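Student: Below: one structure in structure tokens.
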Amino acid sequence: MSVSGETVGERLRELRTERGLTQRELAGPQYSAAYVSSVETGARTPSGDALRFFAQQLGIEPDELLGGSSPRELLELDIELIETAERFLLGDARRATPRMQRLRRRAERLERPRQEGIALLWLAGYSRGEARTKYVAEAETALAGEPPPVRAMVAPLRAAVLSDWGEAQYSLHLLETCHAELLRDGYPQPSMLLTLRACLAERHLRQGDLERASEYADAALRLTRGGPAVLAELTRSHVEVCRSHLAADRFADAAASIAAAYDLMQERALHPAMAHCLLARARVRGRRGDVEGALADLGAARETAWPDDVPAITVELAGEYLAAGRLETAGALLDQIRPAVVAGTALAAELRLQLGSLARARGDGRRAAEDLRAAVELATGLGARGVLVRALRPLSELLGETGRPEEAADVLRNGLIALGAENDS
């Protein structure tokens with residue numbers, strides 16, 4: 001984080017070299033040369049104590065390291081950016097968008113490329129189509145001169161644009177490359193690694209690669225600091241601490257607090273992707289027989305997912321409860337989500353499969369046959385192989401159990417033909 005057109009790290013390096021000091025000499029007994037290097041490259045944000053120590057070593061006041069003529073004005077811009085981002089997270093994009101656009105222009109006037117880029121990324125995150133593409137391109141331009149972890153902030157939204165264009169593999173390659181470069185070049189900033197790993201888990205899961213999704217999901221979940229409520233509370237705390245430091249003219253400490261708040265906001269914006277991390281882990285746990293773990297992860301994923309993803313996660317959660325023999329809970333979830341499932345979709349076929357399985361578990365053979373047959377027919381028409389495979393056997397078994405062996409054989413034969421035809425196409 002910087003509070004002028006020139007970053008704290010750049011200013012530190014400039015003043016150090018002017019005085020003919022090495023990084024080791026500037027570090028003194030309290031810090032390491034590696035720490036000084038990470039601050040100068042922008043990989044780490046120095047604490048207030050570190051800024052005061054470096055200023056003392058350089059023979060200047062701490063405020064001089066912050067650069068600019070009005071650190072108060074610049075830090076207040078940071079606070080407004082965070083508070084406007086909060087509005088986006090609370091679902092008030094209609095009011096947040098024009099306010100963030102104003103802050104973007106203000107950052108541009110103050111020659112604050114990092115803050116301008118951050119504003120553009122929030123605008124891109126809550127836009128679609130050509131508007132998103134435009135904001136992402138402008139953010140790339142604004143952040144072009146920033147350190148690698150800051151430039152990497154654009155990667156997830158550039159990947160989203162590529163996916164919108166039908167370039168799913170290129171999107172995945174971009175994220176993989178960015179993640180590998182940060183690790184290779186010595187910029188393992190936790191908030192950025194968390195962002196990239198969560199996005200990679202989501203992309204791999206959407207492409208059906210559970211193994212790779214699970215690897216990235218586990219790595220991302222190890223870095224997260226809590227759920228949305230915890231992160232929101234931590235963000236508010238850091239913003240209030242920043243305000244207290246500003247009131248006392250302690251600009252270095254205020255800068256450190258606002259940097260922490262930015263990291264928290266970045267993590268909070270990730271929660272829809274984190275829902276897919278939980279979903280990937282839930283599926284692995286389910287396969288390993290960890291029923292309670294799978295249920296816990298699916299429940300948490302449902303709470304943090306995008307609204308469009310909630311119906312599918314709810315149906316999957318109901319399926320896990322059904323498999324665990326908790327029929328009432330499974331039924332309540334299916335009844336709750338049924339109005340939100342769009343007819344004629346693969347999810348509608350999955351819903352009918354789960355409703356049929358529930359009816360069968362309750363001993364209602366007629367209702368079970370009706371729902372399972374609907375699932376098979378819909379899945380066949382859509383080419384939804386996964387649902388079709390899982391619905392064929394229980395339907396044919398049920399028909400056989402109720403004295404309709406020929407009908408059971410027809411269902412199984414037609415289903416296998418459909419799968420074969422799908423496989424040959």
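How things are named: the first chain in the structure tokens is A, the next is B, and so on; residues count from 1 in each chain; ligands count from 1 in the order shown.
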Do you know which residues are at most 12 Å from Leu15 in chain A counting only C-alpha atoms, after dropping those on the same chain fewer than 2 positions away, and could you put them as a list of chain:residue names?
Tutor: A:Val8, A:Gly9, A:Glu10, A:Arg11, A:Leu12, A:Arg13, A:Thr17, A:Glu18, A:Arg19, A:Gly20, A:Leu21, A:Thr22, A:Gln23, A:Leu26, A:Glu40, A:Phe54, A:Ala55, A:Gln57, A:Leu58, A:Gly59, A:Ile60, A:Glu64, A:Leu65, A:Leu66, A:Gly67
Student: Write out as a VMD selection string each polymer residue whose atoms come within 10 Å of range 245-258 of chain A, counting only C-alpha atoms; drop sequence neighbours fewer than 6 positions from it.
Tutor: chain A and resid 1 to 3 8 45 to 52 62 to 66 71 to 72 74 to 76 78 to 79 82 235 237 to 239 264
Student: Could you write out the selected residues, including N, CA and C atoms, as a PDB file, in the first residue's frame?
Tutor:
ATOM      1  N   MET A   1       0.845  -1.176   0.000  1.00  0.00           N
ATOM      2  CA  MET A   1       0.000   0.000   0.000  1.00  0.00           C
ATOM      3  C   MET A   1       0.884   1.231   0.000  1.00  0.00           C
ATOM      4  N   SER A   2       0.538   2.254  -0.724  1.00  0.00           N
ATOM      5  CA  SER A   2       1.264   3.513  -0.720  1.00  0.00           C
ATOM      6  C   SER A   2       0.284   4.637  -0.518  1.00  0.00           C
ATOM      7  N   VAL A   3       0.764   5.755  -0.089  1.00  0.00           N
ATOM      8  CA  VAL A   3      -0.111   6.899   0.127  1.00  0.00           C
ATOM      9  C   VAL A   3       0.357   8.085  -0.681  1.00  0.00           C
ATOM     10  N   VAL A   8       5.656   3.525  -0.825  1.00  0.00           N
ATOM     11  CA  VAL A   8       6.538   3.587   0.339  1.00  0.00           C
ATOM     12  C   VAL A   8       7.854   2.877   0.038  1.00  0.00           C
ATOM     13  N   THR A  45       4.077  -4.784   3.308  1.00  0.00           N
ATOM     14  CA  THR A  45       3.756  -3.449   3.801  1.00  0.00           C
ATOM     15  C   THR A  45       4.381  -3.291   5.177  1.00  0.00           C
ATOM     16  N   PRO A  46       5.238  -2.270   5.375  1.00  0.00           N
ATOM     17  CA  PRO A  46       5.897  -2.123   6.668  1.00  0.00           C
ATOM     18  C   PRO A  46       4.920  -1.693   7.753  1.00  0.00           C
ATOM     19  N   SER A  47       5.152  -2.159   8.960  1.00  0.00           N
ATOM     20  CA  SER A  47       4.347  -1.722  10.098  1.00  0.00           C
ATOM     21  C   SER A  47       4.727  -0.300  10.475  1.00  0.00           C
ATOM     22  N   GLY A  48       3.919   0.299  11.332  1.00  0.00           N
ATOM     23  CA  GLY A  48       4.259   1.637  11.817  1.00  0.00           C
ATOM     24  C   GLY A  48       5.603   1.663  12.520  1.00  0.00           C
ATOM     25  N   ASP A  49       5.879   0.628  13.326  1.00  0.00           N
ATOM     26  CA  ASP A  49       7.171   0.556  14.026  1.00  0.00           C
ATOM     27  C   ASP A  49       8.327   0.484  13.031  1.00  0.00           C
ATOM     28  N   ALA A  50       8.149  -0.312  11.972  1.00  0.00           N
ATOM     29  CA  ALA A  50       9.210  -0.440  10.970  1.00  0.00           C
ATOM     30  C   ALA A  50       9.446   0.880  10.255  1.00  0.00           C
ATOM     31  N   LEU A  51       8.365   1.590   9.918  1.00  0.00           N
ATOM     32  CA  LEU A  51       8.526   2.883   9.253  1.00  0.00           C
ATOM     33  C   LEU A  51       9.277   3.873  10.139  1.00  0.00           C
ATOM     34  N   ARG A  52       8.920   3.881  11.419  1.00  0.00           N
ATOM     35  CA  ARG A  52       9.616   4.806  12.326  1.00  0.00           C
ATOM     36  C   ARG A  52      11.090   4.435  12.454  1.00  0.00           C
ATOM     37  N   PRO A  62       9.058  10.125   9.973  1.00  0.00           N
ATOM     38  CA  PRO A  62       8.324   9.023   9.336  1.00  0.00           C
ATOM     39  C   PRO A  62       7.412   9.464   8.194  1.00  0.00           C
ATOM     40  N   ASP A  63       6.803  10.664   8.329  1.00  0.00           N
ATOM     41  CA  ASP A  63       5.888  11.132   7.291  1.00  0.00           C
ATOM     42  C   ASP A  63       6.572  11.285   5.944  1.00  0.00           C
ATOM     43  N   GLU A  64       7.886  11.574   5.960  1.00  0.00           N
ATOM     44  CA  GLU A  64       8.595  11.763   4.704  1.00  0.00           C
ATOM     45  C   GLU A  64       8.657  10.473   3.892  1.00  0.00           C
ATOM     46  N   LEU A  65       8.624   9.346   4.577  1.00  0.00           N
ATOM     47  CA  LEU A  65       8.615   8.072   3.856  1.00  0.00           C
ATOM     48  C   LEU A  65       7.298   7.859   3.116  1.00  0.00           C
ATOM     49  N   LEU A  66       6.247   8.475   3.615  1.00  0.00           N
ATOM     50  CA  LEU A  66       4.940   8.308   2.984  1.00  0.00           C
ATOM     51  C   LEU A  66       4.818   9.137   1.729  1.00  0.00           C
ATOM     52  N   PRO A  71      -0.631  13.391   3.450  1.00  0.00           N
ATOM     53  CA  PRO A  71      -0.921  11.977   3.739  1.00  0.00           C
ATOM     54  C   PRO A  71      -2.307  11.775   4.323  1.00  0.00           C
ATOM     55  N   ARG A  72      -2.814  12.776   5.029  1.00  0.00           N
ATOM     56  CA  ARG A  72      -4.159  12.644   5.594  1.00  0.00           C
ATOM     57  C   ARG A  72      -5.197  12.495   4.484  1.00  0.00           C
ATOM     58  N   LEU A  74      -4.794  11.454   1.480  1.00  0.00           N
ATOM     59  CA  LEU A  74      -4.625  10.198   0.759  1.00  0.00           C
ATOM     60  C   LEU A  74      -5.128   9.008   1.565  1.00  0.00           C
ATOM     61  N   LEU A  75      -4.903   9.022   2.862  1.00  0.00           N
ATOM     62  CA  LEU A  75      -5.415   7.939   3.705  1.00  0.00           C
ATOM     63  C   LEU A  75      -6.936   7.990   3.805  1.00  0.00           C
ATOM     64  N   GLU A  76      -7.489   9.191   3.795  1.00  0.00           N
ATOM     65  CA  GLU A  76      -8.945   9.312   3.796  1.00  0.00           C
ATOM     66  C   GLU A  76      -9.540   8.756   2.505  1.00  0.00           C
ATOM     67  N   ASP A  78      -8.258   6.192   0.943  1.00  0.00           N
ATOM     68  CA  ASP A  78      -8.245   4.746   1.182  1.00  0.00           C
ATOM     69  C   ASP A  78      -9.451   4.304   2.008  1.00  0.00           C
ATOM     70  N   ILE A  79      -9.765   5.061   3.044  1.00  0.00           N
ATOM     71  CA  ILE A  79     -10.908   4.714   3.898  1.00  0.00           C
ATOM     72  C   ILE A  79     -12.199   4.737   3.086  1.00  0.00           C
ATOM     73  N   ILE A  82     -12.516   1.678   0.888  1.00  0.00           N
ATOM     74  CA  ILE A  82     -12.913   0.483   1.650  1.00  0.00           C
ATOM     75  C   ILE A  82     -14.389   0.537   2.017  1.00  0.00           C
ATOM     76  N   THR A 235     -12.260  -5.952   9.574  1.00  0.00           N
ATOM     77  CA  THR A 235     -12.111  -4.790   8.690  1.00  0.00           C
ATOM     78  C   THR A 235     -12.512  -3.513   9.405  1.00  0.00           C
ATOM     79  N   SER A 237     -12.558  -2.930  12.525  1.00  0.00           N
ATOM     80  CA  SER A 237     -11.588  -2.633  13.581  1.00  0.00           C
ATOM     81  C   SER A 237     -10.369  -1.912  13.017  1.00  0.00           C
ATOM     82  N   HIS A 238      -9.850  -2.405  11.900  1.00  0.00           N
ATOM     83  CA  HIS A 238      -8.668  -1.774  11.309  1.00  0.00           C
ATOM     84  C   HIS A 238      -8.980  -0.362  10.803  1.00  0.00           C
ATOM     85  N   VAL A 239     -10.172  -0.168  10.243  1.00  0.00           N
ATOM     86  CA  VAL A 239     -10.547   1.168   9.774  1.00  0.00           C
ATOM     87  C   VAL A 239     -10.657   2.133  10.952  1.00  0.00           C
ATOM     88  N   LEU A 264      -8.104  -7.601   4.105  1.00  0.00           N
ATOM     89  CA  LEU A 264      -9.337  -8.220   4.584  1.00  0.00           C
ATOM     90  C   LEU A 264     -10.474  -8.054   3.577  1.00  0.00           C
TER      91      LEU A 264
END
Student: Run DSSP on the backbone and give me the residues of range 279-343 of chain A it puts in helix (DSSP H, G or I), as number ranges by chain.
Tutor: A: 279-287, 291-304, 307-323, 327-340
Student: For the residues in the current selection, export C-alpha atoms as an mmCIF file, in the first residue's frame.
Tutor:
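The resulting file, selection_4.cif, is shown below:
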data_model
loop_
_atom_site.group_PDB
_atom_site.id
_atom_site.type_symbol
_atom_site.label_atom_id
_atom_site.label_comp_id
_atom_site.auth_asym_id
_atom_site.auth_seq_id
_atom_site.Cartn_x
_atom_site.Cartn_y
_atom_site.Cartn_z
ATOM 1 C CA LEU A 279 -17.722 -27.611 -2.117
ATOM 2 C CA ALA A 280 -14.610 -29.350 -3.441
ATOM 3 C CA ARG A 281 -13.540 -30.372 0.052
ATOM 4 C CA ALA A 282 -17.064 -31.578 0.850
ATOM 5 C CA ARG A 283 -17.044 -33.903 -2.150
ATOM 6 C CA VAL A 284 -13.678 -35.357 -1.211
ATOM 7 C CA ARG A 285 -14.832 -35.845 2.375
ATOM 8 C CA GLY A 286 -18.014 -37.483 1.162
ATOM 9 C CA ARG A 287 -16.044 -39.946 -0.948
ATOM 10 C CA VAL A 291 -20.319 -37.579 6.324
ATOM 11 C CA GLU A 292 -20.295 -34.936 9.061
ATOM 12 C CA GLY A 293 -17.367 -33.117 7.455
ATOM 13 C CA ALA A 294 -19.087 -33.113 4.072
ATOM 14 C CA LEU A 295 -22.329 -31.801 5.578
ATOM 15 C CA ALA A 296 -20.490 -29.036 7.450
ATOM 16 C CA ASP A 297 -18.638 -27.901 4.319
ATOM 17 C CA LEU A 298 -21.750 -27.971 2.136
ATOM 18 C CA GLY A 299 -23.680 -25.980 4.726
ATOM 19 C CA ALA A 300 -20.912 -23.368 4.918
ATOM 20 C CA ALA A 301 -20.664 -23.227 1.110
ATOM 21 C CA ARG A 302 -24.396 -22.608 0.863
ATOM 22 C CA GLU A 303 -24.105 -19.641 3.227
ATOM 23 C CA THR A 304 -21.344 -17.884 1.236
ATOM 24 C CA PRO A 307 -27.239 -16.560 -5.142
ATOM 25 C CA ASP A 308 -27.151 -18.293 -8.549
ATOM 26 C CA ASP A 309 -25.108 -21.158 -7.063
ATOM 27 C CA VAL A 310 -27.259 -21.678 -3.961
ATOM 28 C CA PRO A 311 -29.925 -23.960 -5.553
ATOM 29 C CA ALA A 312 -27.334 -26.458 -6.844
ATOM 30 C CA ILE A 313 -25.472 -26.518 -3.534
ATOM 31 C CA THR A 314 -28.742 -26.955 -1.644
ATOM 32 C CA VAL A 315 -29.757 -29.925 -3.791
ATOM 33 C CA GLU A 316 -26.326 -31.478 -3.231
ATOM 34 C CA LEU A 317 -26.605 -30.854 0.521
ATOM 35 C CA ALA A 318 -30.042 -32.495 0.549
ATOM 36 C CA GLY A 319 -28.528 -35.494 -1.234
ATOM 37 C CA GLU A 320 -25.885 -35.851 1.475
ATOM 38 C CA TYR A 321 -28.537 -35.694 4.215
ATOM 39 C CA LEU A 322 -30.547 -38.291 2.340
ATOM 40 C CA ALA A 323 -27.509 -40.582 2.059
ATOM 41 C CA LEU A 327 -34.898 -37.829 5.540
ATOM 42 C CA GLU A 328 -36.755 -34.965 7.175
ATOM 43 C CA THR A 329 -33.866 -32.544 6.777
ATOM 44 C CA ALA A 330 -33.329 -33.641 3.168
ATOM 45 C CA GLY A 331 -37.028 -33.192 2.407
ATOM 46 C CA ALA A 332 -37.157 -29.744 3.980
ATOM 47 C CA LEU A 333 -34.177 -28.572 1.916
ATOM 48 C CA LEU A 334 -35.644 -29.912 -1.334
ATOM 49 C CA ASP A 335 -39.021 -28.319 -0.651
ATOM 50 C CA GLN A 336 -37.331 -25.036 0.194
ATOM 51 C CA ILE A 337 -35.261 -24.831 -2.984
ATOM 52 C CA ARG A 338 -37.718 -26.369 -5.464
ATOM 53 C CA PRO A 339 -39.320 -23.035 -6.556
ATOM 54 C CA ALA A 340 -35.864 -21.606 -7.371
#
Student: Within 12 Å of Thr224 in chain A, counting only C-alpha atoms, which residues qualify if same-chain residues fewer than 5 places away don't, as JSON, numbers by chain?
Tutor: {"A": [190, 191, 192, 193, 194, 195, 197, 198, 217, 218, 219, 230, 231, 263, 264, 266, 267, 268, 270, 271, 273, 274, 277, 278]}
Student: Please list as a list of chain:residue names every residue within 12 Å of Ala384 in chain A, counting only C-alpha atoms and excluding residues in the same chain fewer than 6 positions away.
Tutor: A:Gly344, A:Thr345, A:Ala346, A:Leu347, A:Ala348, A:Ala349, A:Glu350, A:Ala375, A:Val376, A:Glu377, A:Leu378, A:Arg390, A:Ala391, A:Gly415, A:Ala418, A:Leu419, A:Glu422, A:Asn423
Student: Output N, CA and C atoms for every residue in the selection just made, as a PDB file, in the first residue's frame.
Tutor:
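Final output, part_31.pdb:
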ATOM      1  N   GLY A 344     -36.469 -27.687 -16.841  1.00  0.00           N
ATOM      2  CA  GLY A 344     -35.810 -28.055 -18.081  1.00  0.00           C
ATOM      3  C   GLY A 344     -34.299 -27.963 -18.055  1.00  0.00           C
ATOM      4  N   THR A 345     -33.705 -27.871 -16.881  1.00  0.00           N
ATOM      5  CA  THR A 345     -32.259 -27.766 -16.753  1.00  0.00           C
ATOM      6  C   THR A 345     -31.687 -29.038 -16.129  1.00  0.00           C
ATOM      7  N   ALA A 346     -30.349 -29.154 -16.185  1.00  0.00           N
ATOM      8  CA  ALA A 346     -29.701 -30.307 -15.558  1.00  0.00           C
ATOM      9  C   ALA A 346     -29.956 -30.317 -14.053  1.00  0.00           C
ATOM     10  N   LEU A 347     -30.038 -29.136 -13.450  1.00  0.00           N
ATOM     11  CA  LEU A 347     -30.324 -29.084 -12.012  1.00  0.00           C
ATOM     12  C   LEU A 347     -31.738 -29.571 -11.728  1.00  0.00           C
ATOM     13  N   ALA A 348     -32.679 -29.280 -12.627  1.00  0.00           N
ATOM     14  CA  ALA A 348     -34.048 -29.786 -12.453  1.00  0.00           C
ATOM     15  C   ALA A 348     -34.055 -31.308 -12.504  1.00  0.00           C
ATOM     16  N   ALA A 349     -33.231 -31.889 -13.380  1.00  0.00           N
ATOM     17  CA  ALA A 349     -33.119 -33.348 -13.435  1.00  0.00           C
ATOM     18  C   ALA A 349     -32.528 -33.893 -12.140  1.00  0.00           C
ATOM     19  N   GLU A 350     -31.510 -33.210 -11.608  1.00  0.00           N
ATOM     20  CA  GLU A 350     -30.905 -33.624 -10.336  1.00  0.00           C
ATOM     21  C   GLU A 350     -31.915 -33.525  -9.202  1.00  0.00           C
ATOM     22  N   ALA A 375     -36.569 -37.676 -14.004  1.00  0.00           N
ATOM     23  CA  ALA A 375     -35.139 -37.382 -13.992  1.00  0.00           C
ATOM     24  C   ALA A 375     -34.447 -38.031 -15.183  1.00  0.00           C
ATOM     25  N   VAL A 376     -34.792 -39.295 -15.460  1.00  0.00           N
ATOM     26  CA  VAL A 376     -34.179 -40.016 -16.584  1.00  0.00           C
ATOM     27  C   VAL A 376     -34.531 -39.349 -17.907  1.00  0.00           C
ATOM     28  N   GLU A 377     -35.792 -39.028 -18.100  1.00  0.00           N
ATOM     29  CA  GLU A 377     -36.221 -38.422 -19.367  1.00  0.00           C
ATOM     30  C   GLU A 377     -35.579 -37.055 -19.585  1.00  0.00           C
ATOM     31  N   LEU A 378     -35.537 -36.253 -18.537  1.00  0.00           N
ATOM     32  CA  LEU A 378     -34.944 -34.921 -18.660  1.00  0.00           C
ATOM     33  C   LEU A 378     -33.438 -35.012 -18.892  1.00  0.00           C
ATOM     34  N   ARG A 390     -26.880 -42.019 -12.598  1.00  0.00           N
ATOM     35  CA  ARG A 390     -27.299 -42.235 -11.206  1.00  0.00           C
ATOM     36  C   ARG A 390     -28.792 -42.492 -11.063  1.00  0.00           C
ATOM     37  N   ALA A 391     -29.587 -42.110 -12.064  1.00  0.00           N
ATOM     38  CA  ALA A 391     -31.039 -42.316 -11.978  1.00  0.00           C
ATOM     39  C   ALA A 391     -31.491 -43.642 -12.578  1.00  0.00           C
ATOM     40  N   GLY A 415     -31.760 -46.289 -21.583  1.00  0.00           N
ATOM     41  CA  GLY A 415     -30.786 -45.418 -20.932  1.00  0.00           C
ATOM     42  C   GLY A 415     -29.372 -45.712 -21.383  1.00  0.00           C
ATOM     43  N   ALA A 418     -28.870 -44.374 -24.787  1.00  0.00           N
ATOM     44  CA  ALA A 418     -28.660 -42.922 -24.740  1.00  0.00           C
ATOM     45  C   ALA A 418     -27.239 -42.583 -24.313  1.00  0.00           C
ATOM     46  N   LEU A 419     -26.740 -43.321 -23.357  1.00  0.00           N
ATOM     47  CA  LEU A 419     -25.358 -43.080 -22.909  1.00  0.00           C
ATOM     48  C   LEU A 419     -24.370 -43.432 -24.005  1.00  0.00           C
ATOM     49  N   GLU A 422     -24.547 -40.807 -26.663  1.00  0.00           N
ATOM     50  CA  GLU A 422     -23.895 -39.588 -26.187  1.00  0.00           C
ATOM     51  C   GLU A 422     -22.394 -39.746 -26.276  1.00  0.00           C
ATOM     52  N   ASN A 423     -21.938 -40.962 -25.983  1.00  0.00           N
ATOM     53  CA  ASN A 423     -20.500 -41.231 -25.971  1.00  0.00           C
ATOM     54  C   ASN A 423     -19.928 -41.202 -27.384  1.00  0.00           C
TER      55      ASN A 423
END
Student: Could you list, as a PyMOL selection string, every residue within 10 Å of Gly186 in chain A, counting only C-alpha atoms and ignoring same-chain residues fewer than 5 positions away?
Tutor: chain A and resi 38+43+148+181
Student: Go ahead and dump the residues you just picked, C-alpha atoms, as a PDB file, in the first residue's frame.
Tutor:
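again21.pdb, freshly written:
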ATOM      1  CA  SER A  38      10.499  -7.076   0.415  1.00  0.00           C
ATOM      2  CA  ALA A  43       5.907  -7.440  -1.535  1.00  0.00           C
ATOM      3  CA  PRO A 148       3.877  -8.252  -8.875  1.00  0.00           C
ATOM      4  CA  GLU A 181       5.234 -16.707 -11.032  1.00  0.00           C
TER       5      GLU A 181
END
Student: Residues of range 27-142 of chain A that approach range 164-168 of chain A to 10 Å or less, counting only C-alpha atoms: could you list each one with the shortest pair of atoms and its distance in Å to one decimal, rows by chain and increasing residue number, as a Markdown table?
Tutor:
| residue | atom | partner | partner_atom | distance |
| --- | --- | --- | --- | --- |
| A:Arg128 | CA | A:Asp164 | CA | 9.0 |
| A:Gly129 | CA | A:Asp164 | CA | 7.8 |
| A:Thr133 | CA | A:Asp164 | CA | 9.7 |
Student: At a cut-off of 12 Å, using only C-alpha atoms, what residues contact range 103-119 of chain A? Leave out same-chain residues fewer than 6 positions from it and give the result as JSON, numbers by chain.
Tutor: {"A": [1, 2, 3, 4, 5, 6, 7, 42, 67, 68, 69, 70, 71, 73, 74, 75, 76, 77, 78, 79, 80, 81, 82, 83, 84, 85, 88, 96, 97, 125, 126, 135, 136, 137, 138, 139, 140, 141, 142, 143, 144, 145, 146, 147, 149, 150, 151, 152, 153, 154, 157, 259, 262, 263, 265, 266]}
Student: Name all residues at most 10 Å from Gly356 in chain A (count only C-alpha atoms; drop same-chain ones fewer than 6 positions away) and give them as an mmCIF file with N, CA and C atoms, in the first residue's frame.
Tutor:
data_model
loop_
_atom_site.group_PDB
_atom_site.id
_atom_site.type_symbol
_atom_site.label_atom_id
_atom_site.label_comp_id
_atom_site.auth_asym_id
_atom_site.auth_seq_id
_atom_site.Cartn_x
_atom_site.Cartn_y
_atom_site.Cartn_z
ATOM 1 N N GLU A 350 -31.510 -33.210 -11.608
ATOM 2 C CA GLU A 350 -30.905 -33.624 -10.336
ATOM 3 C C GLU A 350 -31.915 -33.525 -9.202
ATOM 4 N N ARG A 362 -38.769 -43.258 1.728
ATOM 5 C CA ARG A 362 -39.964 -43.147 2.576
ATOM 6 C C ARG A 362 -40.989 -44.243 2.284
ATOM 7 N N ASP A 364 -42.651 -44.608 -0.630
ATOM 8 C CA ASP A 364 -43.685 -44.160 -1.565
ATOM 9 C C ASP A 364 -43.237 -44.525 -2.987
ATOM 10 N N GLY A 365 -43.508 -45.772 -3.376
ATOM 11 C CA GLY A 365 -43.045 -46.275 -4.657
ATOM 12 C C GLY A 365 -43.603 -45.528 -5.849
ATOM 13 N N ARG A 366 -44.884 -45.156 -5.802
ATOM 14 C CA ARG A 366 -45.505 -44.455 -6.935
ATOM 15 C C ARG A 366 -44.832 -43.116 -7.180
ATOM 16 N N ARG A 367 -44.676 -42.348 -6.113
ATOM 17 C CA ARG A 367 -44.036 -41.027 -6.248
ATOM 18 C C ARG A 367 -42.573 -41.175 -6.663
ATOM 19 N N ALA A 368 -41.896 -42.172 -6.117
ATOM 20 C CA ALA A 368 -40.486 -42.386 -6.451
ATOM 21 C C ALA A 368 -40.331 -42.692 -7.940
ATOM 22 N N ALA A 369 -41.192 -43.585 -8.476
ATOM 23 C CA ALA A 369 -41.113 -43.944 -9.892
ATOM 24 C C ALA A 369 -41.382 -42.733 -10.776
ATOM 25 N N GLU A 370 -42.342 -41.914 -10.373
ATOM 26 C CA GLU A 370 -42.692 -40.720 -11.148
ATOM 27 C C GLU A 370 -41.505 -39.747 -11.223
ATOM 28 N N ASP A 371 -40.871 -39.491 -10.074
ATOM 29 C CA ASP A 371 -39.761 -38.534 -10.050
ATOM 30 C C ASP A 371 -38.515 -39.086 -10.735
ATOM 31 N N LEU A 372 -38.226 -40.373 -10.496
ATOM 32 C CA LEU A 372 -37.040 -40.965 -11.115
ATOM 33 C C LEU A 372 -37.193 -41.036 -12.635
ATOM 34 N N ARG A 373 -38.405 -41.360 -13.103
ATOM 35 C CA ARG A 373 -38.641 -41.399 -14.557
ATOM 36 C C ARG A 373 -38.469 -39.994 -15.157
ATOM 37 N N ALA A 374 -38.973 -39.002 -14.455
ATOM 38 C CA ALA A 374 -38.817 -37.624 -14.937
ATOM 39 C C ALA A 374 -37.343 -37.238 -14.996
ATOM 40 N N ALA A 375 -36.569 -37.676 -14.004
ATOM 41 C CA ALA A 375 -35.139 -37.382 -13.992
ATOM 42 C C ALA A 375 -34.447 -38.031 -15.183
ATOM 43 N N ALA A 391 -29.587 -42.110 -12.064
ATOM 44 C CA ALA A 391 -31.039 -42.316 -11.978
ATOM 45 C C ALA A 391 -31.491 -43.642 -12.578
ATOM 46 N N PRO A 394 -31.668 -46.941 -9.853
ATOM 47 C CA PRO A 394 -32.776 -46.984 -8.889
ATOM 48 C C PRO A 394 -34.142 -47.088 -9.560
ATOM 49 N N LEU A 395 -34.281 -46.459 -10.742
ATOM 50 C CA LEU A 395 -35.578 -46.546 -11.420
ATOM 51 C C LEU A 395 -35.832 -47.970 -11.907
#
